[in-house]
Amino acid sequence: MSDLATLPTAPARALERDFRLLWIGSGISQLCGMATVVAFPLLAARTLGATVGEVGLITAAGYLPWLVLTLPAGVYGARLRPRTLLLLADLGRAVIVTMVPVLAATGHLALWHLYLSNVLVSCATVFYEIVYLSMPPRILPKDRLVHGNVRLQMARAVSLAFGPAVAGFTVQALGPERAPLLNVGGFAASAACNLLMRAQIEAPGAAPGTASRATGLWAELAEAFRFVARRPVILASIGGSALGNCCFAAYEALVVLFLADDVGVAPGTLGLMIGSVGVGGLVGAFGAGRVARRLGTARAVWIPAAVCAPAGLLLPLTRPGTGLFLFLCGALLFHAGYAVFTVGQATLVQLLTPADLLQRTVACVRFVSRGMLFVGGLLGGALGSLFGPRLGLAVVMLLWIGAPLVTASSRLRFWRDIPPTE
């Protein structure tokens with residue numbers, strides 16, 4: 001039963017407005033969030049004298065809460081109103097990140113502060129994203145759900161395409177010590193958008209008729225796992241997402257060294273080339289709605305990614321000079337298809353999951369898919385050590401082709417459209 005049934009007095013126009021505020025606030029937050037991604041490693045290396053391994057642990061620290069908190073967040077996050085949880089997460093992240101510039105200005109900043117900041121911010125982000133990803137079906141009518149997920153994917157693609165450049169200029173202008181304040185501004189903007197929302201959406205666990213009969217954390221998680229285990233389409237979707245995330249993390253571990261050492265790309269050009277990944281994602285996000293209308297919502301989950309995925313094999317063929325266009329073309333095509341894949345995956349889970357189980361199901365999906373980022377990072381490092389960045393990248397891109405095929409291994413491949421759960 002849809003959560004919209006619990007909001008009979010909320011006008012559809014007000015709910016659309018709330019979704020726009022959610023989208024805009026989160027988009028600004030993601031764009032500004034690149035400031036710490038760029039600033040923290042520079043701050044650690046240049047100001048605190050960290051080694052390469054110690055700098056790498058900053059990123060790893062940000063992934064740890066996804067393994068520890070994702071499942072509990074899916075249960076306990078459903079017991080608070082979504083807007084309350086989103087607001088608390090934004091304000092908490094703003095306060096945590098603000099402490100880094102303050103400690104740097106007073107001369108008390110240490111490396112462990114950066115680790116702790118990334119861990120705590122990621123803890124809040126776990127709760128934020130689980131609620132954020134479960135909001136579209138609770139705000140939008142089902143015929144607008146694909147459109148809503150397209151917008152969310154566009155925000156992500158914009159941050160990947162332009163965030164590194166914005167962060168780089170901010171670090172250059174303010175220095176790595178003060179650049180995280182841009183991230184604080186993004187969290188504040190997201191919180192302001194949340195405060196401007198009007199609809200009072202109740203917590204799923206508290207809504208009449210939707211409360212789970214299971215009691216206790218593990219019982220409620222077991223209910224979600226049983227639901228997922230009995231639906232091969234969702235299981236195959238999780239498998240495809242897990243493989244895709246694993247390969248993405250391996251790609252991240254290899255691509256910078258590949259472009260800098262094997263291809264000999266200058267740092268400025270390197271940033272633009274990596275940004276082409278986000279541009280490809282933006283193109284795919286823009287076209288995802290049209291693709292879903294043409295092919296059907298079920299076919300759009302896997303066919304565009306399966307068609308575009310082989311273009312990723314152009315990346316390890318990149319050479320200096322005009323050979324750089326191989327990387328640009330491959331990245332644009334591959335990630336355009338993968339953006340459509342991401343939109344389709346989110347829509348699939350949202351349409352096939354009852355409202356009272358949605359947040360817990362999203363938590364299960366994120367636990368597996370985000371957990372594979374650790375595996376992917378290790379895989380990328382191992383492949384780079386064994387075969388070198390170029391051949392290692394070729395193996396990763398070859399494996400990545402399998403992600404949409406895993407998703408299509410269920411009866412999804414026979415559907416034109418995803419049947420919504422009543």
# chains A, B, ... in the order shown; residues from 1 in each chain; ligands from 1
>>> closest_atom_pairs(of="region 226-249 of chain A", to="region 366-381 of chain A", cutoff="10 Å", atoms="only C-alpha atoms", output="tab-separated table")
residue	atom	partner	partner_atom	distance
A:Ile238	CA	A:Ser369	CA	7.0
A:Gly239	CA	A:Ser369	CA	8.1
A:Gly240	CA	A:Ser369	CA	8.8
A:Ser241	CA	A:Ser369	CA	5.8
A:Ala242	CA	A:Ser369	CA	4.2
A:Leu243	CA	A:Met372	CA	7.5
A:Gly244	CA	A:Ser369	CA	8.2
A:Asn245	CA	A:Leu373	CA	5.8
A:Cys246	CA	A:Gly376	CA	4.0
A:Cys247	CA	A:Gly376	CA	5.7
A:Phe248	CA	A:Gly376	CA	7.0
A:Ala249	CA	A:Gly376	CA	4.7
>>> residues_around(residues="Gly296 (chain A)", least_positions_apart="6", cutoff="9 Å", atoms="only C-alpha atoms", output="list of chain:residue names")
A:Trp415, A:Arg416, A:Asp417, A:Ile418
>>> residues_around(residues="Leu31 (chain A)", least_positions_apart="6", cutoff="10 Å", atoms="only C-alpha atoms", output="PyMOL selection string")
chain A and resi 155-164+166-167+182-183+186
>>> select_by_dssp(residues="region 184-413 of chain A", states="alpha helix (DSSP H)", output="number ranges by chain")
A: 184-196, 217-229, 232-257, 267-295, 299-308, 324-352, 358-387, 389-400, 402-407
>>> closest_residue(among="A:Asn194, A:Ser410, A:Thr84, A:Gln172", to="Val38 (chain A)", atoms="only C-alpha atoms")
A:Gln172
>>> residues_around(residues="Glu16 (chain A)", least_positions_apart="3", cutoff="7 Å", atoms="only C-alpha atoms", output="list in words")
Ala12, Arg13, Phe19, Arg20, Ile139 and Leu140 of chain A
>>> atom_distance(atom1="CA of Leu352 (chain A)", atom2="CA of Arg413 (chain A)")
15.4 Å
>>> residues_around(residues="Gly92 (chain A)", least_positions_apart="4", cutoff="9 Å", atoms="only C-alpha atoms", output="list of chain:residue names")
A:Leu87, A:Leu88, A:Ile96, A:Val97, A:Leu120, A:Val121, A:Ala124, A:Phe187
>>> atom_distance(atom1="CA of Thr36 (chain A)", atom2="CA of Met197 (chain A)")
27.7 Å
>>> closest_residue(among="A:Ala224, A:Ala266, A:Val184, A:Ala236", to="Gln30 (chain A)", atoms="only C-alpha atoms")
A:Val184
>>> closest_residue(among="A:Leu195, A:Ala165, A:Ala305, A:Met397", to="Leu272 (chain A)", atoms="only C-alpha atoms")
A:Ala165
>>> atom_distance(atom1="CA of Phe327 (chain A)", atom2="CA of Ala311 (chain A)")
9.4 Å
>>> closest_residue(among="A:Leu295, A:Ala89, A:Ile58, A:Leu133", to="Trp112 (chain A)", atoms="only C-alpha atoms")
A:Ile58
>>> closest_residue(among="A:Pro180, A:Pro137, A:Gly388, A:Pro320", to="Pro420 (chain A)", atoms="only C-alpha atoms")
A:Pro137
>>> closest_residue(among="A:Gly402, A:Gly62, A:Arg93, A:Ala260", to="Val37 (chain A)", atoms="only C-alpha atoms")
A:Gly62
